[in-house]
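Worksheet: the structure to be examined is printed underneath.
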Number of protein chains: 2
Amino acid sequence: MSKKIPHKLIQQRSNCPIATALDVVGDKWTLLLIRDIGLLNKHRNKDFQEAREGIPTNILANRLKQLVERGLLEKQLYQEHPPRYEYHLTESGKGMLPVVKAMAKWAAHHVEGVEIPKGIGKR
Amino acid sequence: MSKKIPHKLIQQRSNCPIATALDVVGDKWTLLLIRDIGLLNKHRNKDFQEAREGIPTNILANRLKQLVERGLLEKQLYQEHPPRYEYHLTESGKGMLPVVKAMAKWAAHHVEGVEIPKGIGKR
């Protein structure tokens with residue numbers, strides 16, 4: 001069991017677990033980074049910027065910082081000059097994969113023309 | 001199987017199922033309404049306004065309208081003068097409950113002081 005996220009790092013609207021999860025990942029972009037890292041094996045800034053959804057760079061930087069601070073991601077130095085980092089899921093970050101997969105399943109069932117790409121569904 | 005949501009009702013950033021689900025519920029409030037209706041047995045405007053998170057009334061009205069348009073909720077008239085409606089989950093709306101439950105599980109495991117209230121976990 002990894003250390004739990006302390007209250008002070010999340011602006012909680014209530015102590016409801018659903019509301020709390022949404023205080024962490026309740027926006028259009030954060031869970032796409034969890035997808036990129038956990039399901040699509042992308043780990044570097046350049047990879048995230050290349051995703052089809054076109055995440056704005058300022059939002060990307062903000063979300064990566066938040067996810068590291070809150071312990072869902074960890075940074076690993078892969079180049080020293082200039083310093084560059086890869087991002088990997090922690091145990092807490094991996095804990096979001098069932099959320100992401102449940103979303104994929106919903107959209108594949110309920111939105112026209114959406115399918116789960118081969119390979120993703122099985123992980 | 002209910003009718004699928006047509007593309008034109010969602011501003012899709014890509015046809016990835018995860019991104020598409022986030023185009024529908026990727027904000028801090030929408031899934032709280034799914035929680036209220038599907039898990040807490042709340043169905044009326046007044047009930048939603050009383051939730052501890054304090055949803056602003058303009059956001060509440062907007063999210064209810066979007067969820068009805070996109071077929072996750074259906075309205076039922078419960079009073080004629082003046083007309084007032086209750087909101088219920090459709091099949092598509094019920095399809096979001098696994099997402100909500102996975103979020104609850106994540107927060108209960110990974111955030112300090114958060115627990116799944118008795119009764120909710122079993123549904």
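Naming scheme: A, B, ... for chains in displayed order of the structure tokens; residues 1 onward per chain; ligands 1 onward as shown.
Near A:Glu115, within 9 Å and counting only C-alpha atoms, sit Ala104, Lys105, Ala107, Ala108 and His109 of chain A; Asn15, Cys16 and Pro17 of chain B; same-chain residues fewer than 5 positions away were not included.
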Please, could you write that set of residues out with C-alpha atoms as a PDB file, in the first residue's frame?
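Heads up, here's the output in out.pdb:
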```pdb
ATOM      1  CA  ALA A 104     -13.865   3.296 -22.636  1.00  0.00           C
ATOM      2  CA  LYS A 105     -16.461   0.581 -22.229  1.00  0.00           C
ATOM      3  CA  ALA A 107     -18.327   5.104 -24.880  1.00  0.00           C
ATOM      4  CA  ALA A 108     -17.945   1.971 -27.002  1.00  0.00           C
ATOM      5  CA  HIS A 109     -21.445   0.890 -25.935  1.00  0.00           C
TER       6      HIS A 109
ATOM      7  CA  ASN B  15     -12.686   8.959 -31.594  1.00  0.00           C
ATOM      8  CA  CYS B  16     -10.763   7.371 -28.714  1.00  0.00           C
ATOM      9  CA  PRO B  17     -13.407   5.906 -26.379  1.00  0.00           C
TER      10      PRO B  17
END
```
**All residues 10 Å or closer to stretch 49-51 of chain B, only C-alpha atoms, same chain fewer than 6 positions away omitted, as a list in words** = Ser14 of chain A; Leu32, Leu33, Asp36, Lys42, Thr57 and Leu60 of chain B
Could you write those residues out with C-alpha atoms, as a compact mmCIF listing (two decimals), in the first residue's frame?
```
# COMPACT_ATOMS: atom_id res chain seq x y z
CA SER A 14 -16.69 17.12 0.43
CA LEU B 32 -21.86 13.92 -9.15
CA LEU B 33 -25.34 14.13 -10.69
CA ASP B 36 -27.00 11.62 -6.80
CA LYS B 42 -32.16 11.87 -5.54
CA THR B 57 -27.47 26.62 -9.99
CA LEU B 60 -26.73 22.41 -12.43
```
With the cut-off set at 6 Å and counting only C-alpha atoms, tabulate each residue of chain B with an atom at most that distance from an atom of chain A, showing the nearest atom pair and its distance in Å to one decimal, ordered by chain and increasing number, as a Markdown table.
```
| residue | atom | partner | partner_atom | distance |
| --- | --- | --- | --- | --- |
| B:Lys4 | CA | A:His110 | CA | 4.8 |
| B:Ile5 | CA | A:Val111 | CA | 4.6 |
| B:Pro6 | CA | A:Glu112 | CA | 5.4 |
| B:Arg13 | CA | A:Glu53 | CA | 5.1 |
| B:Ser14 | CA | A:Glu53 | CA | 5.8 |
| B:Asn15 | CA | A:Val114 | CA | 5.9 |
| B:Pro17 | CA | A:Ala104 | CA | 4.6 |
| B:Ile18 | CA | A:Ala104 | CA | 4.6 |
| B:Ala21 | CA | A:Ala107 | CA | 5.5 |
| B:Leu22 | CA | A:Lys28 | CA | 5.5 |
| B:Gly26 | CA | A:Lys28 | CA | 4.5 |
| B:Asp27 | CA | A:Asp27 | CA | 4.4 |
| B:Lys28 | CA | A:Gly26 | CA | 4.5 |
| B:Glu53 | CA | A:Arg13 | CA | 5.1 |
| B:Gly95 | CA | A:Trp106 | CA | 5.9 |
| B:Val99 | CA | A:Val99 | CA | 5.2 |
| B:Ala102 | CA | A:Val99 | CA | 5.2 |
| B:Met103 | CA | A:Ala21 | CA | 5.6 |
| B:Ala104 | CA | A:Pro17 | CA | 4.6 |
| B:Trp106 | CA | A:Gly95 | CA | 5.9 |
| B:Ala107 | CA | A:Pro17 | CA | 5.2 |
| B:His110 | CA | A:Lys4 | CA | 4.8 |
| B:Val111 | CA | A:Ile5 | CA | 4.6 |
| B:Glu112 | CA | A:Lys4 | CA | 5.3 |
| B:Val114 | CA | A:Pro17 | CA | 5.9 |
```
I need the residues from that last selection saved to file as a JSON list (two decimals), in the first residue's frame (with N, CA and C atoms), if you can.
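Output file again_5.json follows:
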```json
[["chain", "number", "residue", "atom", "x", "y", "z"],
["B", 4, "LYS", "N", -27.69, 4.78, -29.80],
["B", 4, "LYS", "CA", -26.40, 5.37, -29.46],
["B", 4, "LYS", "C", -26.44, 6.90, -29.60],
["B", 5, "ILE", "N", -25.61, 7.57, -28.83],
["B", 5, "ILE", "CA", -25.53, 9.03, -28.91],
["B", 5, "ILE", "C", -24.93, 9.41, -30.26],
["B", 6, "PRO", "N", -25.60, 10.26, -31.06],
["B", 6, "PRO", "CA", -25.00, 10.67, -32.33],
["B", 6, "PRO", "C", -23.81, 11.61, -32.12],
["B", 13, "ARG", "N", -12.95, 15.28, -29.34],
["B", 13, "ARG", "CA", -11.59, 15.67, -29.67],
["B", 13, "ARG", "C", -10.90, 14.59, -30.50],
["B", 14, "SER", "N", -11.37, 13.35, -30.38],
["B", 14, "SER", "CA", -10.86, 12.24, -31.19],
["B", 14, "SER", "C", -11.91, 11.14, -31.07],
["B", 15, "ASN", "N", -11.70, 10.04, -31.79],
["B", 15, "ASN", "CA", -12.69, 8.96, -31.59],
["B", 15, "ASN", "C", -12.20, 7.90, -30.60],
["B", 17, "PRO", "N", -12.27, 6.05, -27.29],
["B", 17, "PRO", "CA", -13.41, 5.91, -26.38],
["B", 17, "PRO", "C", -13.20, 6.62, -25.04],
["B", 18, "ILE", "N", -11.96, 6.68, -24.58],
["B", 18, "ILE", "CA", -11.71, 7.34, -23.30],
["B", 18, "ILE", "C", -11.88, 8.85, -23.44],
["B", 21, "ALA", "N", -15.61, 9.62, -23.76],
["B", 21, "ALA", "CA", -16.31, 9.61, -22.46],
["B", 21, "ALA", "C", -16.01, 10.91, -21.70],
["B", 22, "LEU", "N", -14.76, 11.36, -21.79],
["B", 22, "LEU", "CA", -14.38, 12.61, -21.10],
["B", 22, "LEU", "C", -15.01, 13.83, -21.78],
["B", 26, "GLY", "N", -16.29, 14.80, -18.58],
["B", 26, "GLY", "CA", -14.99, 15.26, -18.11],
["B", 26, "GLY", "C", -15.05, 16.62, -17.45],
["B", 27, "ASP", "N", -15.69, 16.69, -16.32],
["B", 27, "ASP", "CA", -15.73, 17.93, -15.55],
["B", 27, "ASP", "C", -16.00, 17.55, -14.10],
["B", 28, "LYS", "N", -15.98, 18.52, -13.20],
["B", 28, "LYS", "CA", -16.09, 18.22, -11.77],
["B", 28, "LYS", "C", -17.50, 17.87, -11.31],
["B", 53, "GLU", "N", -21.62, 19.30, -1.95],
["B", 53, "GLU", "CA", -20.59, 19.96, -2.77],
["B", 53, "GLU", "C", -21.01, 21.36, -3.23],
["B", 95, "GLY", "N", -24.98, 3.10, -17.41],
["B", 95, "GLY", "CA", -23.68, 2.63, -17.88],
["B", 95, "GLY", "C", -22.51, 3.40, -17.31],
["B", 99, "VAL", "N", -18.10, 3.60, -13.75],
["B", 99, "VAL", "CA", -17.07, 4.65, -13.71],
["B", 99, "VAL", "C", -17.07, 5.31, -12.33],
["B", 102, "ALA", "N", -15.78, 2.98, -9.66],
["B", 102, "ALA", "CA", -14.32, 2.81, -9.73],
["B", 102, "ALA", "C", -13.62, 4.04, -9.14],
["B", 103, "MET", "N", -14.21, 5.22, -9.34],
["B", 103, "MET", "CA", -13.65, 6.44, -8.75],
["B", 103, "MET", "C", -13.74, 6.39, -7.22],
["B", 104, "ALA", "N", -14.87, 5.94, -6.72],
["B", 104, "ALA", "CA", -15.06, 5.85, -5.27],
["B", 104, "ALA", "C", -14.02, 4.91, -4.66],
["B", 106, "TRP", "N", -11.10, 4.12, -5.92],
["B", 106, "TRP", "CA", -9.78, 4.75, -5.98],
["B", 106, "TRP", "C", -9.57, 5.70, -4.79],
["B", 107, "ALA", "N", -10.55, 6.59, -4.57],
["B", 107, "ALA", "CA", -10.37, 7.60, -3.52],
["B", 107, "ALA", "C", -10.32, 6.95, -2.14],
["B", 110, "HIS", "N", -6.78, 5.59, -1.86],
["B", 110, "HIS", "CA", -5.59, 6.41, -2.08],
["B", 110, "HIS", "C", -5.63, 7.81, -1.50],
["B", 111, "VAL", "N", -6.74, 8.22, -0.92],
["B", 111, "VAL", "CA", -6.79, 9.55, -0.31],
["B", 111, "VAL", "C", -7.09, 9.43, 1.18],
["B", 112, "GLU", "N", -6.28, 10.15, 1.95],
["B", 112, "GLU", "CA", -6.38, 10.18, 3.40],
["B", 112, "GLU", "C", -7.81, 10.52, 3.86],
["B", 114, "VAL", "N", -10.72, 9.29, 3.40],
["B", 114, "VAL", "CA", -11.90, 9.07, 2.56],
["B", 114, "VAL", "C", -12.34, 7.62, 2.67]]
```
Write down as a tab-separated table (two decimals) with C-alpha atoms, in the first residue's frame the residues of stretch 44-120 of chain A whose backbone DSSP state falls under alpha helix (DSSP H).
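The resulting file, selection.tsv, is reproduced below:
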```tsv
chain	number	residue	atom	x	y	z
A	45	ASN	CA	6.48	15.21	-22.99
A	46	LYS	CA	6.84	14.89	-26.75
A	47	ASP	CA	4.66	11.74	-26.75
A	48	PHE	CA	1.89	13.50	-24.83
A	49	GLN	CA	1.98	16.47	-27.19
A	57	THR	CA	1.28	22.75	-23.59
A	58	ASN	CA	0.40	24.90	-20.58
A	59	ILE	CA	-2.33	22.45	-19.54
A	60	LEU	CA	0.03	19.51	-20.10
A	61	ALA	CA	2.68	21.04	-17.84
A	62	ASN	CA	0.09	21.86	-15.17
A	63	ARG	CA	-1.50	18.40	-15.16
A	64	LEU	CA	1.83	16.55	-15.06
A	65	LYS	CA	2.94	18.71	-12.12
A	66	GLN	CA	-0.32	18.10	-10.24
A	67	LEU	CA	-0.22	14.36	-10.86
A	68	VAL	CA	3.36	14.14	-9.58
A	69	GLU	CA	2.56	16.28	-6.49
A	91	GLU	CA	0.43	2.40	-7.54
A	92	SER	CA	-2.08	5.20	-7.00
A	93	GLY	CA	-1.93	6.15	-10.70
A	94	LYS	CA	-2.46	2.52	-11.72
A	97	LEU	CA	-6.91	2.48	-14.83
A	98	PRO	CA	-10.21	0.78	-13.90
A	99	VAL	CA	-11.87	4.23	-14.14
A	100	VAL	CA	-10.35	4.81	-17.58
A	101	LYS	CA	-11.34	1.35	-18.78
A	102	ALA	CA	-14.90	1.73	-17.51
A	103	MET	CA	-15.11	5.02	-19.48
A	104	ALA	CA	-13.86	3.30	-22.64
A	105	LYS	CA	-16.46	0.58	-22.23
A	106	TRP	CA	-19.23	3.15	-21.75
A	107	ALA	CA	-18.33	5.10	-24.88
A	108	ALA	CA	-17.95	1.97	-27.00
A	109	HIS	CA	-21.44	0.89	-25.93
A	110	HIS	CA	-23.23	4.20	-26.01
```
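Pairwise distance (atom CA of A:Tyr85, atom CA of A:Arg44) equals 6.9 Å.
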**Item:** Shell around A:Arg84 at 12 Å using only C-alpha atoms, local window under 3 positions removed, as a ChimeraX atom specification
**Value:** /A:43-46,75-81,87
